[in-house]
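*Asks:* Dropping in my_file.json, with JSON, C-alpha atoms.
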[["chain", "number", "residue", "atom", "x", "y", "z"],
["A", 1144, "MET", "CA", 12.01, -79.92, -146.76],
["A", 1145, "ILE", "CA", 14.77, -80.77, -144.32],
["A", 1146, "ARG", "CA", 16.76, -84.00, -144.54],
["A", 1147, "ARG", "CA", 18.02, -85.70, -141.41],
["A", 1148, "VAL", "CA", 20.04, -88.90, -141.57],
["A", 1149, "THR", "CA", 20.50, -91.02, -138.48],
["A", 1150, "ASP", "CA", 22.07, -94.48, -138.65],
["A", 1151, "ASP", "CA", 20.37, -96.08, -141.62],
["A", 1152, "THR", "CA", 17.26, -93.88, -141.69],
["A", 1153, "MET", "CA", 16.63, -90.73, -143.70],
["A", 1154, "ASN", "CA", 13.94, -88.41, -142.36],
["A", 1155, "LEU", "CA", 12.46, -85.99, -144.85],
["A", 1156, "VAL", "CA", 10.73, -83.31, -142.80],
["A", 1157, "LEU", "CA", 8.23, -81.14, -144.62],
["A", 1158, "GLU", "CA", 8.13, -77.50, -143.55],
["A", 1159, "HIS", "CA", 5.07, -76.27, -145.41],
["A", 1160, "ASP", "CA", 1.72, -77.45, -146.73],
["A", 1161, "LEU", "CA", 1.86, -80.16, -149.38],
["A", 1162, "ILE", "CA", 0.07, -78.21, -152.09],
["A", 1163, "ALA", "CA", 0.55, -77.57, -155.80],
["A", 1164, "SER", "CA", 2.37, -74.27, -155.39],
["A", 1165, "ASN", "CA", 5.00, -75.92, -153.15],
["A", 1166, "VAL", "CA", 5.49, -79.25, -154.92],
["A", 1167, "LYS", "CA", 7.77, -77.98, -157.69],
["A", 1168, "GLY", "CA", 10.28, -76.78, -155.08],
["A", 1169, "LEU", "CA", 9.95, -80.02, -153.15],
["A", 1170, "ASN", "CA", 10.70, -82.08, -156.25],
["A", 1171, "MET", "CA", 13.83, -80.03, -156.89],
["A", 1172, "LYS", "CA", 14.92, -80.57, -153.30],
["A", 1173, "LEU", "CA", 14.20, -84.28, -153.61],
["A", 1174, "MET", "CA", 16.48, -84.53, -156.64],
["A", 1175, "GLU", "CA", 19.36, -83.47, -154.36],
["A", 1176, "TYR", "CA", 18.59, -86.23, -151.86],
["A", 1177, "ILE", "CA", 17.55, -89.10, -154.08],
["A", 1178, "ASP", "CA", 21.11, -90.40, -154.72],
["A", 1179, "GLU", "CA", 21.55, -90.81, -150.97],
["A", 1180, "PHE", "CA", 18.65, -93.25, -150.70],
["A", 1181, "GLU", "CA", 21.08, -96.10, -151.41],
["A", 1182, "ASP", "CA", 23.00, -95.29, -148.20],
["A", 1183, "VAL", "CA", 20.00, -95.92, -145.92],
["A", 1184, "SER", "CA", 17.46, -98.69, -145.47],
["A", 1185, "GLU", "CA", 14.46, -96.55, -144.56],
["A", 1186, "ILE", "CA", 13.02, -93.22, -145.72],
["A", 1187, "ILE", "CA", 10.51, -91.50, -143.46],
["A", 1188, "LEU", "CA", 8.34, -88.60, -144.59],
["A", 1189, "ASP", "CA", 7.47, -86.41, -141.60],
["A", 1190, "MET", "CA", 4.28, -84.42, -142.15],
["A", 1191, "GLU", "CA", 3.97, -82.80, -138.74],
["A", 1192, "THR", "CA", 3.79, -79.26, -140.12],
["A", 1193, "VAL", "CA", 1.40, -80.10, -142.95],
["A", 1194, "ASP", "CA", -2.13, -78.85, -142.38],
["A", 1195, "ASN", "CA", -3.30, -78.85, -145.98],
["A", 1196, "ILE", "CA", -2.74, -81.10, -148.93],
["A", 1197, "ASP", "CA", -4.13, -81.38, -152.45],
["A", 1198, "SER", "CA", -3.96, -83.98, -155.24],
["A", 1199, "VAL", "CA", -0.63, -82.64, -156.45],
["A", 1200, "GLY", "CA", 0.71, -83.12, -152.92],
["A", 1201, "VAL", "CA", -0.69, -86.64, -152.74],
["A", 1202, "THR", "CA", 1.01, -87.40, -156.07],
["A", 1203, "PHE", "CA", 4.28, -86.13, -154.58],
["A", 1204, "VAL", "CA", 3.97, -88.65, -151.74],
["A", 1205, "ILE", "CA", 3.12, -91.48, -154.16],
["A", 1206, "ASN", "CA", 6.07, -90.64, -156.42],
["A", 1207, "LEU", "CA", 8.38, -90.47, -153.42],
["A", 1208, "TYR", "CA", 7.14, -93.88, -152.31],
["A", 1209, "LYS", "CA", 7.78, -95.26, -155.83],
["A", 1210, "SER", "CA", 11.35, -93.88, -155.86],
["A", 1211, "VAL", "CA", 12.03, -95.43, -152.47],
["A", 1212, "ALA", "CA", 10.43, -98.77, -153.40],
["A", 1213, "ARG", "CA", 12.48, -98.89, -156.63],
["A", 1214, "GLU", "CA", 15.60, -98.79, -154.46],
["A", 1215, "GLY", "CA", 14.20, -101.65, -152.39],
["A", 1216, "LYS", "CA", 14.00, -99.47, -149.28],
["A", 1217, "PHE", "CA", 11.28, -99.15, -146.64],
["A", 1218, "PHE", "CA", 9.01, -96.08, -146.68],
["A", 1219, "LYS", "CA", 6.59, -94.67, -144.17],
["A", 1220, "VAL", "CA", 4.73, -91.45, -143.46],
["A", 1221, "VAL", "CA", 4.66, -90.14, -139.90],
["A", 1222, "HIS", "CA", 2.97, -87.39, -137.90],
["A", 1223, "CYS", "CA", 0.17, -86.71, -140.33],
["A", 1224, "SER", "CA", -3.00, -85.09, -139.06],
["A", 1225, "GLU", "CA", -6.18, -87.06, -138.54],
["A", 1226, "ASP", "CA", -7.72, -85.33, -141.59],
["A", 1227, "ILE", "CA", -4.81, -86.25, -143.84],
["A", 1228, "LYS", "CA", -4.78, -89.78, -142.50],
["A", 1229, "GLN", "CA", -8.47, -90.07, -143.38],
["A", 1230, "LEU", "CA", -7.78, -88.76, -146.86],
["A", 1231, "PHE", "CA", -4.99, -91.29, -147.39],
["A", 1232, "LYS", "CA", -7.30, -94.06, -146.21],
["A", 1233, "LEU", "CA", -10.02, -92.87, -148.57],
["A", 1234, "MET", "CA", -7.48, -93.03, -151.39],
["A", 1235, "LYS", "CA", -6.45, -96.51, -150.17],
["A", 1236, "LEU", "CA", -2.86, -95.38, -149.72],
["A", 1237, "GLU", "CA", -2.66, -97.04, -146.32],
["A", 1238, "ASN", "CA", -2.47, -100.34, -148.24],
["A", 1239, "ILE", "CA", 0.59, -99.12, -150.10],
["A", 1240, "PHE", "CA", 2.73, -97.60, -147.36],
["A", 1241, "ASP", "CA", 2.69, -97.32, -143.57],
["A", 1242, "LEU", "CA", 1.05, -94.39, -141.85],
["A", 1243, "GLU", "CA", 2.16, -93.72, -138.29],
["A", 1244, "GLU", "CA", 1.14, -91.24, -135.61],
["B", 1353, "MET", "CA", -26.46, -64.96, -150.01],
["B", 1354, "GLN", "CA", -23.24, -64.39, -151.89],
["B", 1355, "ILE", "CA", -20.34, -64.18, -149.46],
["B", 1356, "TYR", "CA", -17.34, -64.26, -151.77],
["B", 1357, "ASP", "CA", -16.58, -63.56, -155.40],
["B", 1358, "ILE", "CA", -13.23, -63.36, -157.12],
["B", 1359, "GLU", "CA", -11.67, -63.63, -160.54],
["B", 1360, "PHE", "CA", -7.98, -64.48, -160.65],
["B", 1361, "PHE", "CA", -5.22, -65.31, -163.12],
["B", 1362, "SER", "CA", -4.29, -68.95, -163.66],
["B", 1363, "GLY", "CA", -1.57, -70.05, -161.24],
["B", 1364, "PHE", "CA", -1.20, -72.44, -158.31],
["B", 1365, "ALA", "CA", 0.08, -69.65, -156.03],
["B", 1366, "GLU", "CA", -3.09, -67.66, -156.73],
["B", 1367, "VAL", "CA", -5.18, -70.74, -155.90],
["B", 1368, "ASP", "CA", -3.45, -71.02, -152.52],
["B", 1369, "LYS", "CA", -4.14, -67.35, -151.75],
["B", 1370, "VAL", "CA", -7.79, -67.60, -152.75],
["B", 1371, "VAL", "CA", -8.41, -70.80, -150.76],
["B", 1372, "LYS", "CA", -6.99, -69.18, -147.62],
["B", 1373, "GLU", "CA", -9.22, -66.14, -148.17],
["B", 1374, "VAL", "CA", -12.33, -68.28, -148.62],
["B", 1375, "ILE", "CA", -11.60, -70.26, -145.46],
["B", 1376, "ASP", "CA", -11.25, -66.99, -143.53],
["B", 1377, "VAL", "CA", -14.55, -65.72, -144.94],
["B", 1378, "LEU", "CA", -16.30, -68.99, -144.05],
["B", 1379, "LYS", "CA", -14.93, -68.87, -140.50],
["B", 1380, "LYS", "CA", -16.56, -65.48, -140.09],
["B", 1381, "GLU", "CA", -19.90, -66.96, -141.17],
["B", 1382, "LYS", "CA", -19.90, -68.92, -137.90],
["B", 1383, "ILE", "CA", -21.22, -72.06, -139.55],
["B", 1384, "ARG", "CA", -22.09, -74.75, -137.02],
["B", 1385, "GLU", "CA", -19.47, -77.52, -136.85],
["B", 1386, "PHE", "CA", -17.33, -75.75, -139.44],
["B", 1387, "SER", "CA", -14.19, -77.30, -137.97],
["B", 1388, "LYS", "CA", -15.54, -80.66, -139.09],
["B", 1389, "VAL", "CA", -15.53, -79.59, -142.75],
["B", 1390, "GLU", "CA", -12.70, -77.06, -142.92],
["B", 1391, "PHE", "CA", -10.15, -79.58, -144.21],
["B", 1392, "ARG", "CA", -12.67, -81.00, -146.68],
["B", 1393, "ILE", "CA", -13.55, -77.57, -148.08],
["B", 1394, "ASN", "CA", -9.87, -76.71, -148.30],
["B", 1395, "PHE", "CA", -9.16, -79.93, -150.23],
["B", 1396, "MET", "CA", -12.20, -79.53, -152.49],
["B", 1397, "LEU", "CA", -11.40, -75.93, -153.40],
["B", 1398, "ARG", "CA", -7.80, -76.73, -154.19],
["B", 1399, "GLU", "CA", -8.90, -79.68, -156.31],
["B", 1400, "VAL", "CA", -11.42, -77.78, -158.38],
["B", 1401, "LEU", "CA", -9.41, -74.57, -158.67],
["B", 1402, "ASN", "CA", -6.18, -76.41, -159.54],
["B", 1403, "ASN", "CA", -8.11, -78.26, -162.23],
["B", 1404, "ALA", "CA", -9.44, -75.00, -163.62],
["B", 1405, "VAL", "CA", -5.90, -73.61, -163.76],
["B", 1406, "GLU", "CA", -4.25, -76.76, -165.13],
["B", 1407, "HIS", "CA", -6.82, -78.52, -167.29],
["B", 1408, "GLY", "CA", -9.24, -75.67, -167.99],
["B", 1409, "ASN", "CA", -6.96, -72.72, -168.67],
["B", 1410, "ARG", "CA", -3.84, -74.85, -169.25],
["B", 1411, "PHE", "CA", -1.69, -72.51, -167.16],
["B", 1412, "ASP", "CA", -2.39, -69.65, -169.59],
["B", 1413, "ARG", "CA", -1.87, -66.70, -167.28],
["B", 1414, "THR", "CA", -3.95, -64.44, -169.49],
["B", 1415, "LYS", "CA", -6.99, -66.62, -168.74],
["B", 1416, "LYS", "CA", -8.95, -66.24, -165.55],
["B", 1417, "VAL", "CA", -10.67, -68.47, -163.07],
["B", 1418, "ARG", "CA", -13.77, -67.26, -161.25],
["B", 1419, "LEU", "CA", -14.98, -68.47, -157.88],
["B", 1420, "THR", "CA", -18.23, -67.45, -156.23],
["B", 1421, "VAL", "CA", -19.36, -68.72, -152.83],
["B", 1422, "PHE", "CA", -22.92, -68.60, -151.52],
["B", 1423, "HIS", "CA", -24.13, -69.47, -148.04],
["B", 1424, "ASP", "CA", -27.69, -69.97, -146.93],
["B", 1425, "LYS", "CA", -28.59, -71.64, -143.63],
["B", 1426, "GLY", "CA", -25.82, -74.21, -143.61],
["B", 1427, "ILE", "CA", -25.88, -74.86, -147.34],
["B", 1428, "LEU", "CA", -22.75, -73.80, -149.16],
["B", 1429, "LEU", "CA", -22.55, -73.44, -152.92],
["B", 1430, "PHE", "CA", -19.23, -72.96, -154.69],
["B", 1431, "THR", "CA", -19.32, -72.03, -158.38],
["B", 1432, "ILE", "CA", -16.06, -72.28, -160.28],
["B", 1433, "SER", "CA", -15.60, -71.40, -163.92],
["B", 1434, "ASP", "CA", -12.61, -71.19, -166.23],
["B", 1435, "GLU", "CA", -11.99, -70.12, -169.80],
["B", 1436, "GLY", "CA", -11.28, -73.61, -171.13],
["B", 1437, "SER", "CA", -13.41, -75.51, -173.60],
["B", 1438, "GLY", "CA", -15.09, -77.51, -170.85],
["B", 1439, "ILE", "CA", -16.10, -81.14, -170.66],
["B", 1440, "GLU", "CA", -18.28, -82.89, -173.18],
["B", 1441, "VAL", "CA", -21.46, -84.09, -171.56],
["B", 1442, "ASN", "CA", -23.41, -86.95, -173.07],
["B", 1443, "ARG", "CA", -27.17, -86.78, -173.48],
["B", 1444, "HIS", "CA", -27.63, -88.58, -170.18],
["B", 1445, "GLY", "CA", -25.87, -85.77, -168.36],
["B", 1446, "ILE", "CA", -22.98, -85.96, -165.96],
["B", 1447, "ASN", "CA", -22.31, -89.33, -164.42],
["B", 1448, "ASP", "CA", -19.65, -91.02, -162.33],
["B", 1449, "PHE", "CA", -17.73, -92.10, -165.41],
["B", 1450, "VAL", "CA", -17.36, -88.49, -166.53],
["B", 1451, "LEU", "CA", -16.26, -87.51, -163.06],
["B", 1452, "ARG", "CA", -13.61, -90.24, -163.02],
["B", 1453, "GLU", "CA", -12.34, -89.16, -166.39],
["B", 1454, "ARG", "CA", -12.02, -85.58, -165.28],
["B", 1455, "ASN", "CA", -10.00, -86.40, -162.23],
["B", 1456, "ARG", "CA", -9.83, -89.03, -159.52],
["B", 1457, "GLY", "CA", -9.90, -86.19, -157.01],
["B", 1458, "TYR", "CA", -13.59, -85.64, -157.70],
["B", 1459, "GLU", "CA", -14.24, -89.11, -156.31],
["B", 1460, "VAL", "CA", -12.69, -88.00, -153.05],
["B", 1461, "ILE", "CA", -14.75, -84.81, -153.07],
["B", 1462, "LYS", "CA", -17.92, -86.82, -153.44],
["B", 1463, "ASN", "CA", -16.82, -89.02, -150.54],
["B", 1464, "PHE", "CA", -16.40, -85.84, -148.51],
["B", 1465, "ASP", "CA", -20.19, -85.26, -148.80],
["B", 1466, "PHE", "CA", -20.02, -82.67, -151.57],
["B", 1467, "ASP", "CA", -22.41, -82.77, -154.50],
["B", 1468, "VAL", "CA", -20.61, -81.97, -157.73],
["B", 1469, "LEU", "CA", -22.18, -80.82, -160.94],
["B", 1470, "LEU", "CA", -20.08, -80.30, -164.05],
["B", 1471, "ASP", "CA", -21.50, -78.18, -166.83],
["B", 1472, "GLY", "CA", -18.97, -77.41, -169.53],
["B", 1473, "SER", "CA", -16.35, -75.18, -167.99],
["B", 1474, "VAL", "CA", -18.45, -74.52, -164.90],
["B", 1475, "VAL", "CA", -18.28, -76.66, -161.77],
["B", 1476, "LYS", "CA", -20.90, -76.30, -159.06],
["B", 1477, "VAL", "CA", -20.11, -77.86, -155.70],
["B", 1478, "THR", "CA", -22.65, -77.96, -152.89],
["B", 1479, "LEU", "CA", -22.20, -78.87, -149.25],
["B", 1480, "ASN", "CA", -25.21, -79.26, -147.02],
["B", 1481, "MET", "CA", -23.98, -79.11, -143.42],
["B", 1482, "ARG", "CA", -27.02, -81.13, -142.28],
["B", 1483, "LYS", "CA", -25.89, -84.06, -144.43],
["B", 1484, "VAL", "CA", -22.27, -84.02, -143.29],
["B", 1485, "ARG", "CA", -21.24, -87.33, -141.75]]
For the file at hand, write its structure as structure tokens.

*Replies:*
Amino acid sequence: MIRRVTDDTMNLVLEHDLIASNVKGLNMKLMEYIDEFEDVSEIILDMETVDNIDSVGVTFVINLYKSVAREGKFFKVVHCSEDIKQLFKLMKLENIFDLEE
Amino acid sequence: MQIYDIEFFSGFAEVDKVVKEVIDVLKKEKIREFSKVEFRINFMLREVLNNAVEHGNRFDRTKKVRLTVFHDKGILLFTISDEGSGIEVNRHGINDFVLRERNRGYEVIKNFDFDVLLDGSVVKVTLNMRKVR
């Protein structure tokens, strides 16, 4: 996961599928970035490279959203595939955070 | 006809490898409109296999998970078993409540047009391509 900060936005760009075998590493990476959330007003999760996801991956996104919301910051997910968008809708996550093309 | 059969040690990395293999095997089957269900099968397999690793075998790497895949004229059957103690089934059989208790992910699988049958430590998942929405 790559972190890019521009102005008051932090982009977290995923580089691999959001699946159980990758989530442990992602959580460790996130621990490095989490203190910097207070310096920005918006955190964007970019899922352009994610083809596959599982429940563990979905939980990662939900926990990330919770961490961001706790800081009172705005959170959205961008560039997710049509399949993943459908899955998020099925799980009613679109009511919790924004999903953008 | 059986098209895939594997037994593997309990780990998420192994699940990832197996799911990729199964998808490759299914692609070779030249199933009509497979692209429509590829993501769903991928999600379903990860869900059920991760559960077998985590809740069934409790990450005990000495315990194995077995996956067998059958294909017959657009009907796919996935049988997954682990070495855990399984799920208690009441005398009325498996119902939605049991499925919810096991994992919310099974609700999604059912919404993806799969039929799921839990029988102790064995999970049977069927997908009939003719019924896919």

*Asks:* Given a cut-off of 6 Å, which residues of chain B touch chain A, counting all atoms listed in the file, written out as a PyMOL selection string?

*Replies:* chain B and resi 1364-1365+1395

*Asks:* Just how far from CA of Asn1403 in chain B is CA of Leu1469 in chain B, in Å to one decimal?

*Replies:*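 Calculated distance between CA of Leu1469 in chain B and CA of Asn1403 in chain B is 14.4 Å.
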
*Asks:* Quick one: everything within 10 Å of Arg1392 in chain B, counting all atoms listed in the file, minus sequence neighbours fewer than 2 positions away in the same chain. Send it as a list in words.

*Replies:*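 That gives Asn1195, Asp1226, Ile1227 and Leu1230 of chain A; Ser1387, Lys1388, Val1389, Glu1390, Asn1394, Phe1395, Met1396, Leu1397, Arg1398, Val1460, Ile1461, Asn1463, Phe1464, Asp1465 and Phe1466 of chain B.
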
*Asks:* Counting all atoms listed in the file, figure out which residue out of B:Val1405, B:Val1377, B:Val1371, B:Val1400 gets nearest to Arg1456 in chain B.

*Replies:*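 Of the candidates, the smallest distance to Arg1456 in chain B is held by B:Val1400.
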
*Asks:* Out of A:Val1148, A:Val1204, A:Leu1169, A:Leu1242, which residue has the shortest atom-to-atom distance to His1222 in chain A when counting only C-alpha atoms?

*Replies:*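 Checking each candidate against His1222 in chain A, we get A:Leu1242 as the closest.
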
*Asks:* Which polymer residues have any atom within 8 Å of an atom of Ile1187 in chain A, counting all atoms listed in the file, with same-chain residues fewer than 2 positions away left out, as a PDB file with C-alpha atoms, keeping the file's coordinate frame?

*Replies:*
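Result file follows (result.pdb):
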ATOM      1  CA  THR A1152      17.260 -93.880-141.690  1.00  0.00           C
ATOM      2  CA  MET A1153      16.630 -90.730-143.700  1.00  0.00           C
ATOM      3  CA  ASN A1154      13.940 -88.410-142.360  1.00  0.00           C
ATOM      4  CA  LEU A1155      12.460 -85.990-144.850  1.00  0.00           C
ATOM      5  CA  GLU A1185      14.460 -96.550-144.560  1.00  0.00           C
ATOM      6  CA  ASP A1189       7.470 -86.410-141.600  1.00  0.00           C
ATOM      7  CA  PHE A1218       9.010 -96.080-146.680  1.00  0.00           C
ATOM      8  CA  LYS A1219       6.590 -94.670-144.170  1.00  0.00           C
ATOM      9  CA  VAL A1220       4.730 -91.450-143.460  1.00  0.00           C
ATOM     10  CA  VAL A1221       4.660 -90.140-139.900  1.00  0.00           C
TER      11      VAL A1221
END

*Asks:* Please work out which residues fall within 8 Å of (-20.3, -82.5, -157.0), coordinates as given in the file, with all atoms listed in the file counting, and return them as a list in words.

*Replies:* Tyr1458, Ile1461, Lys1462, Phe1466, Asp1467, Val1468, Leu1469, Leu1470, Val1475, Lys1476, Val1477 and Thr1478 of chain B

*Asks:* Hey, can you check how far CA of Ser1437 in chain B sits from CA of Tyr1356 in chain B?

*Replies:*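 Result for CA of Ser1437 in chain B versus CA of Tyr1356 in chain B: 24.9 Å, one decimal.
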
*Asks:* Nearest residue to Glu1244 in chain A out of A:Leu1157, A:Gly1200, A:Thr1149, A:Glu1191, using all atoms listed in the file?

*Replies:* A:Glu1191

*Asks:* Do a neighbour search on range 1410-1427 of chain B at 6 Å with all atoms listed in the file, toss out local chain neighbours closer than 5 positions, and write the hits as number ranges by chain.

*Replies:* B: 1353-1362, 1405, 1432-1434, 1479-1481

*Asks:* At what distance in Å, to one decimal, does CA of Glu1181 in chain A lie from CA of Glu1214 in chain A?

*Replies:*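 Going from CA of Glu1214 in chain A over to CA of Glu1181 in chain A covers 6.8 Å.
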
*Asks:* Taking only C-alpha atoms into account, name the residue in A:Thr1202, A:Gly1215, A:Asp1178, A:Leu1207 that is nearest to Phe1231 in chain A.

*Replies:*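 Ranking A:Thr1202, A:Gly1215, A:Asp1178, A:Leu1207 by distance to Phe1231 in chain A, first place goes to A:Thr1202.
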
*Asks:* Val1193 in chain A: which residues within 8 Å, counting all atoms listed in the file, same-chain residues fewer than 4 positions away excluded, as a list in words?

*Replies:*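 Non-adjacent residues within range: Leu1157, Glu1158, His1159, Asp1160, Leu1161, Cys1223 and Ser1224 of chain A.
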